[in-house]
$ cat input-v8.txt   # compact mmCIF, C-alpha atoms and all ligand atoms
# COMPACT_ATOMS: atom_id res chain seq x y z
CA MET S 1 72.40 -12.68 55.39
CA SER S 2 69.31 -13.00 53.21
CA GLN S 3 69.93 -12.84 49.48
CA TYR S 4 67.60 -11.15 47.02
CA PHE S 5 66.83 -14.45 45.32
CA GLU S 6 65.16 -15.89 48.41
CA ASN S 7 61.59 -15.14 49.45
CA VAL S 8 63.00 -12.88 52.10
CA ASP S 9 61.43 -11.88 55.38
CA LEU S 10 62.96 -8.40 55.41
CA LYS S 11 60.75 -5.54 56.56
CA SER S 12 58.95 -4.10 53.57
CA ASN S 13 59.70 -0.50 52.61
CA ILE S 14 58.39 0.21 49.14
CA THR S 15 60.07 3.12 47.40
CA LYS S 16 60.10 4.33 43.79
CA TYR S 17 62.75 5.42 41.35
CA LYS S 18 62.56 6.96 37.92
CA THR S 19 64.69 6.01 34.98
CA ARG S 20 64.98 6.89 31.31
CA ILE S 21 65.78 4.47 28.50
CA PHE S 22 64.93 4.35 24.78
CA ASP S 23 63.93 8.06 25.12
CA MET S 24 61.10 7.10 27.47
CA ASP S 25 60.53 7.67 31.19
CA PHE S 26 59.68 4.81 33.53
CA CYS S 27 58.90 4.65 37.24
CA PHE S 28 59.57 1.49 39.28
CA ASN S 29 58.38 0.46 42.75
CA THR S 30 61.12 -1.42 44.60
CA ASP S 31 61.61 -2.81 48.08
CA ASN S 32 64.08 -4.44 50.41
CA GLY S 33 65.02 -7.95 49.34
CA VAL S 34 64.86 -7.46 45.58
CA PHE S 35 67.67 -7.18 43.04
CA SER S 36 68.93 -3.66 42.24
CA LYS S 37 66.44 -1.87 44.45
CA GLU S 38 67.75 1.65 43.87
CA LYS S 39 68.21 1.92 40.13
CA LEU S 40 68.05 0.14 36.82
CA ASP S 41 71.01 -2.23 36.98
CA PHE S 42 73.78 -1.37 34.52
CA GLY S 43 73.97 -4.97 33.24
CA THR S 44 70.20 -4.99 32.71
CA ARG S 45 70.39 -1.68 30.83
CA THR S 46 73.21 -3.01 28.66
CA LEU S 47 71.17 -6.14 27.93
CA LEU S 48 68.11 -4.08 26.98
CA GLU S 49 70.18 -1.82 24.72
CA SER S 50 71.76 -4.83 22.99
CA LEU S 51 68.55 -6.62 22.06
CA PRO S 52 67.39 -6.69 18.42
CA LEU S 53 64.29 -4.57 19.06
CA ASP S 54 63.32 -4.55 15.39
CA ARG S 55 63.10 -8.36 15.43
CA LEU S 56 61.55 -8.95 18.87
CA LYS S 57 58.13 -10.46 18.30
CA GLY S 58 55.79 -13.26 19.29
CA ARG S 59 56.17 -14.76 22.75
CA VAL S 60 58.98 -13.35 24.89
CA LEU S 61 59.91 -14.84 28.28
CA GLU S 62 62.17 -13.32 30.89
CA VAL S 63 63.49 -15.77 33.47
CA GLY S 64 64.25 -14.07 36.79
CA CYS S 65 62.23 -10.92 36.09
CA GLY S 66 62.60 -9.36 39.55
CA TYR S 67 60.25 -6.37 39.83
CA GLY S 68 59.65 -6.48 36.11
CA VAL S 69 61.94 -3.95 34.47
CA ILE S 70 62.81 -5.94 31.34
CA PRO S 71 59.30 -6.99 30.21
CA ILE S 72 57.80 -3.62 31.22
CA ILE S 73 60.36 -1.56 29.32
CA LEU S 74 60.29 -3.84 26.28
CA SER S 75 56.49 -3.88 26.19
CA LYS S 76 56.56 -0.11 25.63
CA VAL S 77 58.82 -0.29 22.61
CA VAL S 78 57.96 -3.64 21.01
CA ASP S 79 54.67 -5.21 20.00
CA ALA S 80 55.01 -8.71 21.50
CA GLU S 81 53.53 -10.86 24.24
CA PHE S 82 55.72 -10.69 27.36
CA GLU S 83 55.95 -13.06 30.35
CA GLY S 84 58.17 -12.60 33.39
CA ILE S 85 58.82 -15.34 35.95
CA ASP S 86 60.59 -15.32 39.29
CA VAL S 87 60.70 -17.18 42.61
CA ASN S 88 60.71 -14.03 44.71
CA ARG S 89 57.09 -13.23 45.63
CA ARG S 90 57.92 -9.77 46.84
CA ALA S 91 59.52 -8.97 43.48
CA LEU S 92 56.46 -10.38 41.68
CA HIS S 93 54.14 -8.21 43.79
CA LEU S 94 56.23 -5.18 42.81
CA ALA S 95 56.15 -6.30 39.16
CA GLU S 96 52.33 -6.13 39.27
CA LEU S 97 52.51 -2.64 40.81
CA ASN S 98 55.00 -1.61 38.14
CA LYS S 99 52.81 -2.95 35.38
CA LYS S 100 50.06 -0.59 36.56
CA GLU S 101 52.47 2.26 37.28
CA ASN S 102 53.77 2.14 33.71
CA LYS S 103 50.40 1.31 32.14
CA CYS S 104 51.40 -1.95 30.47
CA SER S 105 48.85 -4.41 29.17
CA ASN S 106 50.80 -7.02 27.24
CA VAL S 107 52.85 -8.36 30.18
CA THR S 108 52.10 -11.30 32.50
CA PHE S 109 54.06 -12.09 35.65
CA TYR S 110 53.90 -15.37 37.58
CA GLU S 111 55.83 -17.45 40.07
CA SER S 112 58.02 -20.16 38.62
CA ASN S 113 61.15 -21.90 39.85
CA CYS S 114 63.17 -21.88 36.63
CA TYR S 115 60.79 -23.29 33.96
CA GLU S 116 58.57 -25.32 36.34
CA SER S 117 55.35 -23.36 35.64
CA VAL S 118 56.14 -22.34 32.08
CA LYS S 119 53.89 -23.60 29.30
CA GLY S 120 54.71 -23.79 25.63
CA LYS S 121 57.59 -22.37 23.67
CA TYR S 122 58.95 -18.89 23.09
CA ASP S 123 60.45 -16.84 20.29
CA PHE S 124 62.83 -15.11 22.69
CA ILE S 125 64.09 -15.94 26.16
CA ILE S 126 65.94 -13.22 28.04
CA THR S 127 67.74 -13.48 31.36
CA ASN S 128 69.96 -11.61 33.76
CA PRO S 129 70.51 -14.85 35.70
CA PRO S 130 70.66 -15.04 39.51
CA ILE S 131 74.40 -15.61 39.89
CA ARG S 132 74.07 -15.55 43.69
CA ALA S 133 71.62 -18.46 43.56
CA GLY S 134 74.52 -20.64 42.43
CA LYS S 135 75.73 -22.35 39.26
CA LYS S 136 73.14 -25.15 39.38
CA ILE S 137 70.19 -22.73 39.12
CA VAL S 138 71.95 -20.45 36.63
CA TYR S 139 72.79 -23.40 34.36
CA GLU S 140 69.27 -24.78 34.70
CA ILE S 141 67.99 -21.43 33.40
CA ILE S 142 70.46 -20.96 30.54
CA MET S 143 70.98 -24.57 29.39
CA ASN S 144 67.33 -25.67 29.66
CA ALA S 145 66.17 -22.62 27.70
CA LYS S 146 66.68 -24.73 24.57
CA ASP S 147 63.64 -26.84 25.54
CA TYR S 148 61.44 -23.73 25.67
CA LEU S 149 62.56 -22.02 22.47
CA ASN S 150 60.75 -22.26 19.16
CA LYS S 151 62.93 -23.59 16.39
CA ASP S 152 63.88 -20.06 15.32
CA GLY S 153 64.10 -18.91 18.93
CA GLU S 154 66.88 -16.85 20.47
CA LEU S 155 68.27 -16.67 23.99
CA TYR S 156 69.91 -13.50 25.37
CA ILE S 157 71.97 -13.48 28.56
CA VAL S 158 73.86 -10.80 30.46
CA VAL S 159 76.74 -11.87 32.69
CA ASN S 160 79.71 -10.06 34.15
CA LYS S 161 83.24 -11.19 33.37
CA ASP S 162 83.93 -11.30 37.12
CA GLN S 163 81.00 -13.71 37.50
CA GLY S 164 82.37 -16.27 35.07
CA ALA S 165 81.27 -14.91 31.68
CA LYS S 166 84.16 -16.61 29.89
CA SER S 167 83.51 -20.13 31.17
CA MET S 168 79.74 -19.70 30.82
CA PHE S 169 80.22 -18.71 27.20
CA LYS S 170 82.41 -21.79 26.61
CA ASP S 171 79.76 -24.06 28.14
CA LEU S 172 76.97 -22.39 26.13
CA CYS S 173 78.94 -23.08 22.93
CA ASN S 174 78.60 -26.83 23.63
CA ILE S 175 74.82 -26.54 23.33
CA TYR S 176 74.02 -23.49 21.20
CA ASN S 177 75.56 -21.44 18.47
CA SER S 178 76.66 -18.65 20.76
CA GLU S 179 78.03 -15.19 20.14
CA VAL S 180 79.10 -12.34 22.42
CA ILE S 181 77.21 -9.46 20.81
CA ASN S 182 78.25 -6.68 23.19
CA LYS S 183 80.72 -5.99 25.99
CA ASN S 184 80.35 -2.96 28.23
CA LYS S 185 82.25 -2.26 31.47
CA GLY S 186 82.72 -5.98 32.17
CA PHE S 187 79.20 -7.04 31.18
CA TRP S 188 78.98 -9.52 28.34
CA ILE S 189 75.79 -9.89 26.33
CA ILE S 190 75.56 -13.40 24.91
CA LYS S 191 73.21 -14.43 22.11
CA CYS S 192 72.44 -18.15 21.67
CA ILE S 193 70.51 -19.87 18.92
CA LEU S 194 69.68 -23.52 18.52
CA ARG S 195 72.30 -25.45 16.56
CA TRP S 196 70.01 -26.61 13.78
CA GLN S 197 69.45 -22.98 12.68
CA LEU S 198 73.03 -22.80 11.47
CA VAL S 199 72.76 -26.17 9.72
CA GLU S 200 69.60 -25.02 7.96
CA SER S 201 71.08 -21.69 6.85
CA MET S 202 74.11 -23.57 5.42
CA LEU S 203 71.77 -25.89 3.50
CA ILE S 204 69.93 -22.87 2.07
CA ILE S 205 73.22 -21.28 0.98
C1 LIG W 301 70.03 -10.70 38.69
S1 LIG W 301 68.34 -10.67 39.16
C2 LIG W 301 67.59 -9.94 37.72
C3 LIG W 301 66.34 -9.19 38.03
C4 LIG W 301 65.77 -8.37 36.85
N1 LIG W 301 65.60 -9.20 35.70
C5 LIG W 301 66.72 -7.25 36.50
O1 LIG W 301 67.45 -7.40 35.51
O2 LIG W 301 66.73 -6.25 37.22
C6 LIG W 301 67.89 -12.39 39.04
C7 LIG W 301 66.47 -12.74 39.42
O3 LIG W 301 66.33 -14.17 39.35
C8 LIG W 301 65.45 -14.59 40.35
N2 LIG W 301 65.63 -16.03 40.61
C9 LIG W 301 66.45 -16.63 41.50
N3 LIG W 301 66.33 -17.96 41.46
C10 LIG W 301 65.37 -18.22 40.54
C11 LIG W 301 64.77 -19.41 40.07
N4 LIG W 301 65.12 -20.62 40.54
N5 LIG W 301 63.80 -19.33 39.12
C12 LIG W 301 63.41 -18.12 38.64
N6 LIG W 301 63.96 -16.94 39.05
C13 LIG W 301 64.92 -16.99 39.99
C14 LIG W 301 65.78 -13.67 41.53
O4 LIG W 301 64.71 -13.64 42.47
C15 LIG W 301 66.05 -12.35 40.82
O5 LIG W 301 64.90 -11.55 40.79

$ encode --input "input-v8.txt" --output "structure tokens"
Amino acid sequence: MSQYFENVDLKSNITKYKTRIFDMDFCFNTDNGVFSKEKLDFGTRTLLESLPLDRLKGRVLEVGCGYGVIPIILSKVVDAEFEGIDVNRRALHLAELNKKENKCSNVTFYESNCYESVKGKYDFIITNPPIRAGKKIVYEIIMNAKDYLNKDGELYIVVNKDQGAKSMFKDLCNIYNSEVINKNKGFWIIKCILRWQLVESMLII
């Protein structure tokens, strides 16, 4: 069976759904062959509601943006420069439709296999990683994020405990200073910062 993370050849049938978050209404175009085609995914919602909105600024990258929910919603509540990347062209087409549908200007979507087409560094990297694409891809996204973060940068990940949150967290701790900042119905929200940030804050103290 085709998985949502492939550039699927399923018959297109674009539909829309409405959702409310942060006291705002959004409308999203979705289609067959994309992640969470009927509603805002609960893990994604939990991730959005766990982010430090008051501190989100600068360049923000979402890896595996699907049809664009995370950058589109955030761009309405935070003044920052958003980029969303994905390998699924159908999802990226929908992301462009959704950008127009929700009247967003500060969001750019483009095709990229993990960080292949990404340029420069970011203040925040956010991901609801494609677990079904396999551990190699997921780890490429979460472990290589360190090479695309500014020195004060932060990485935020949502992962379900049934999809290996515990072992992922352990592995992240080998590379980043990592913290589980929220848990909701099995979804863990993990925050990672580069190790030197802790060293520097200890030196300042
Ligand atoms: C769990 S979905 C999250 C979608 C969206 N961010 C959301 O929260 O609704 C993961 C996304 O990662 C994308 N993906 C899969 N493999 C990828 C890769 N190698 N590079 C970038 N994105 C990838 C999938 O196409 C999918 O849209």

$ residues_around --input "input-v8.txt" --residues "region 189-198 of chain S" --least-positions-apart "5" --cutoff "10 Å" --atoms "all atoms listed in the file" --output "tab-separated table (two decimals) with C-alpha atoms, in the frame of the given file"
chain	number	residue	atom	x	y	z
S	43	GLY	CA	73.97	-4.97	33.24
S	44	THR	CA	70.20	-4.99	32.71
S	46	THR	CA	73.21	-3.01	28.66
S	47	LEU	CA	71.17	-6.14	27.93
S	48	LEU	CA	68.11	-4.08	26.98
S	49	GLU	CA	70.18	-1.82	24.72
S	50	SER	CA	71.76	-4.83	22.99
S	51	LEU	CA	68.55	-6.62	22.06
S	124	PHE	CA	62.83	-15.11	22.69
S	125	ILE	CA	64.09	-15.94	26.16
S	126	ILE	CA	65.94	-13.22	28.04
S	128	ASN	CA	69.96	-11.61	33.76
S	142	ILE	CA	70.46	-20.96	30.54
S	145	ALA	CA	66.17	-22.62	27.70
S	146	LYS	CA	66.68	-24.73	24.57
S	147	ASP	CA	63.64	-26.84	25.54
S	149	LEU	CA	62.56	-22.02	22.47
S	150	ASN	CA	60.75	-22.26	19.16
S	151	LYS	CA	62.93	-23.59	16.39
S	152	ASP	CA	63.88	-20.06	15.32
S	153	GLY	CA	64.10	-18.91	18.93
S	154	GLU	CA	66.88	-16.85	20.47
S	155	LEU	CA	68.27	-16.67	23.99
S	156	TYR	CA	69.91	-13.50	25.37
S	157	ILE	CA	71.97	-13.48	28.56
S	158	VAL	CA	73.86	-10.80	30.46
S	159	VAL	CA	76.74	-11.87	32.69
S	160	ASN	CA	79.71	-10.06	34.15
S	165	ALA	CA	81.27	-14.91	31.68
S	168	MET	CA	79.74	-19.70	30.82
S	169	PHE	CA	80.22	-18.71	27.20
S	172	LEU	CA	76.97	-22.39	26.13
S	173	CYS	CA	78.94	-23.08	22.93
S	174	ASN	CA	78.60	-26.83	23.63
S	175	ILE	CA	74.82	-26.54	23.33
S	176	TYR	CA	74.02	-23.49	21.20
S	177	ASN	CA	75.56	-21.44	18.47
S	178	SER	CA	76.66	-18.65	20.76
S	179	GLU	CA	78.03	-15.19	20.14
S	180	VAL	CA	79.10	-12.34	22.42
S	181	ILE	CA	77.21	-9.46	20.81
S	182	ASN	CA	78.25	-6.68	23.19
S	183	LYS	CA	80.72	-5.99	25.99
S	184	ASN	CA	80.35	-2.96	28.23
S	203	LEU	CA	71.77	-25.89	3.50
S	204	ILE	CA	69.93	-22.87	2.07

$ axis_aligned_box --input "input-v8.txt" --around "ligand LIG 301 (chain W)" --padding-each-side "4 Å" --output "lines of an AutoDock Vina configuration file"
center_x = 66.7
center_y = -13.4
center_z = 39.0
size_x = 14.6
size_y = 22.4
size_z = 15.0

$ residues_around --input "input-v8.txt" --residues "Asp54 (chain S)" --least-positions-apart "5" --cutoff "12 Å" --atoms "all atoms listed in the file" --output "MDAnalysis selection string"
chainID S and resid 49 74 77:80

$ residues_near_ligand --input "input-v8.txt" --ligand "ligand LIG 301 (chain W)" --cutoff "7 Å" --atoms "only C-alpha atoms and all ligand atoms" --output "tab-separated table (two decimals) with C-alpha atoms, keeping the file's coordinate frame"
chain	number	residue	atom	x	y	z
S	4	TYR	CA	67.60	-11.15	47.02
S	5	PHE	CA	66.83	-14.45	45.32
S	6	GLU	CA	65.16	-15.89	48.41
S	34	VAL	CA	64.86	-7.46	45.58
S	35	PHE	CA	67.67	-7.18	43.04
S	36	SER	CA	68.93	-3.66	42.24
S	40	LEU	CA	68.05	0.14	36.82
S	41	ASP	CA	71.01	-2.23	36.98
S	44	THR	CA	70.20	-4.99	32.71
S	63	VAL	CA	63.49	-15.77	33.47
S	64	GLY	CA	64.25	-14.07	36.79
S	65	CYS	CA	62.23	-10.92	36.09
S	66	GLY	CA	62.60	-9.36	39.55
S	67	TYR	CA	60.25	-6.37	39.83
S	68	GLY	CA	59.65	-6.48	36.11
S	69	VAL	CA	61.94	-3.95	34.47
S	70	ILE	CA	62.81	-5.94	31.34
S	85	ILE	CA	58.82	-15.34	35.95
S	86	ASP	CA	60.59	-15.32	39.29
S	87	VAL	CA	60.70	-17.18	42.61
S	88	ASN	CA	60.71	-14.03	44.71
S	91	ALA	CA	59.52	-8.97	43.48
S	112	SER	CA	58.02	-20.16	38.62
S	113	ASN	CA	61.15	-21.90	39.85
S	114	CYS	CA	63.17	-21.88	36.63
S	127	THR	CA	67.74	-13.48	31.36
S	128	ASN	CA	69.96	-11.61	33.76
S	129	PRO	CA	70.51	-14.85	35.70
S	130	PRO	CA	70.66	-15.04	39.51
S	131	ILE	CA	74.40	-15.61	39.89
S	133	ALA	CA	71.62	-18.46	43.56
S	137	ILE	CA	70.19	-22.73	39.12

$ residues_near_point --input "input-v8.txt" --point "(53.3, 2.7, 38.5)" --cutoff "12 Å" --atoms "only C-alpha atoms" --output "PDB file with C-alpha atoms, in the frame of the given file"
ATOM      1  CA  THR S  15      60.070   3.120  47.400  1.00  0.00           C
ATOM      2  CA  LYS S  16      60.100   4.330  43.790  1.00  0.00           C
ATOM      3  CA  TYR S  17      62.750   5.420  41.350  1.00  0.00           C
ATOM      4  CA  LYS S  18      62.560   6.960  37.920  1.00  0.00           C
ATOM      5  CA  ASP S  25      60.530   7.670  31.190  1.00  0.00           C
ATOM      6  CA  PHE S  26      59.680   4.810  33.530  1.00  0.00           C
ATOM      7  CA  CYS S  27      58.900   4.650  37.240  1.00  0.00           C
ATOM      8  CA  PHE S  28      59.570   1.490  39.280  1.00  0.00           C
ATOM      9  CA  ASN S  29      58.380   0.460  42.750  1.00  0.00           C
ATOM     10  CA  THR S  30      61.120  -1.420  44.600  1.00  0.00           C
ATOM     11  CA  TYR S  67      60.250  -6.370  39.830  1.00  0.00           C
ATOM     12  CA  GLY S  68      59.650  -6.480  36.110  1.00  0.00           C
ATOM     13  CA  VAL S  69      61.940  -3.950  34.470  1.00  0.00           C
ATOM     14  CA  ILE S  72      57.800  -3.620  31.220  1.00  0.00           C
ATOM     15  CA  LEU S  94      56.230  -5.180  42.810  1.00  0.00           C
ATOM     16  CA  ALA S  95      56.150  -6.300  39.160  1.00  0.00           C
ATOM     17  CA  GLU S  96      52.330  -6.130  39.270  1.00  0.00           C
ATOM     18  CA  LEU S  97      52.510  -2.640  40.810  1.00  0.00           C
ATOM     19  CA  ASN S  98      55.000  -1.610  38.140  1.00  0.00           C
ATOM     20  CA  LYS S  99      52.810  -2.950  35.380  1.00  0.00           C
ATOM     21  CA  LYS S 100      50.060  -0.590  36.560  1.00  0.00           C
ATOM     22  CA  GLU S 101      52.470   2.260  37.280  1.00  0.00           C
ATOM     23  CA  ASN S 102      53.770   2.140  33.710  1.00  0.00           C
ATOM     24  CA  LYS S 103      50.400   1.310  32.140  1.00  0.00           C
ATOM     25  CA  CYS S 104      51.400  -1.950  30.470  1.00  0.00           C
TER      26      CYS S 104
END

$ closest_residue --input "input-v8.txt" --among "S:Arg132, S:Pro52, S:Ile73, S:Arg90" --to "Asp9 (chain S)" --atoms "only C-alpha atoms"
S:Arg90

$ atom_distance --input "input-v8.txt" --atom1 "CA of Asn32 (chain S)" --atom2 "CA of Ser12 (chain S)"
6.0 Å

$ atom_distance --input "input-v8.txt" --atom1 "CA of Lys135 (chain S)" --atom2 "CA of Phe42 (chain S)"
21.6 Å

$ atom_distance --input "input-v8.txt" --atom1 "CA of Glu111 (chain S)" --atom2 "CA of Asn13 (chain S)"
21.4 Å

$ residues_around --input "input-v8.txt" --residues "Lys11 (chain S)" --least-positions-apart "3" --cutoff "10 Å" --atoms "only C-alpha atoms" --output "ChimeraX atom specification"
/S:8,14,31-33

$ write_last_selection --input "input-v8.txt" --atoms "C-alpha atoms" --output "short mmCIF file (atom, residue, chain, number, x, y, z; two decimals), keeping the file's coordinate frame"
data_model
loop_
_atom_site.label_atom_id
_atom_site.label_comp_id
_atom_site.auth_asym_id
_atom_site.auth_seq_id
_atom_site.Cartn_x
_atom_site.Cartn_y
_atom_site.Cartn_z
CA VAL S 8 63.00 -12.88 52.10
CA ILE S 14 58.39 0.21 49.14
CA ASP S 31 61.61 -2.81 48.08
CA ASN S 32 64.08 -4.44 50.41
CA GLY S 33 65.02 -7.95 49.34
#
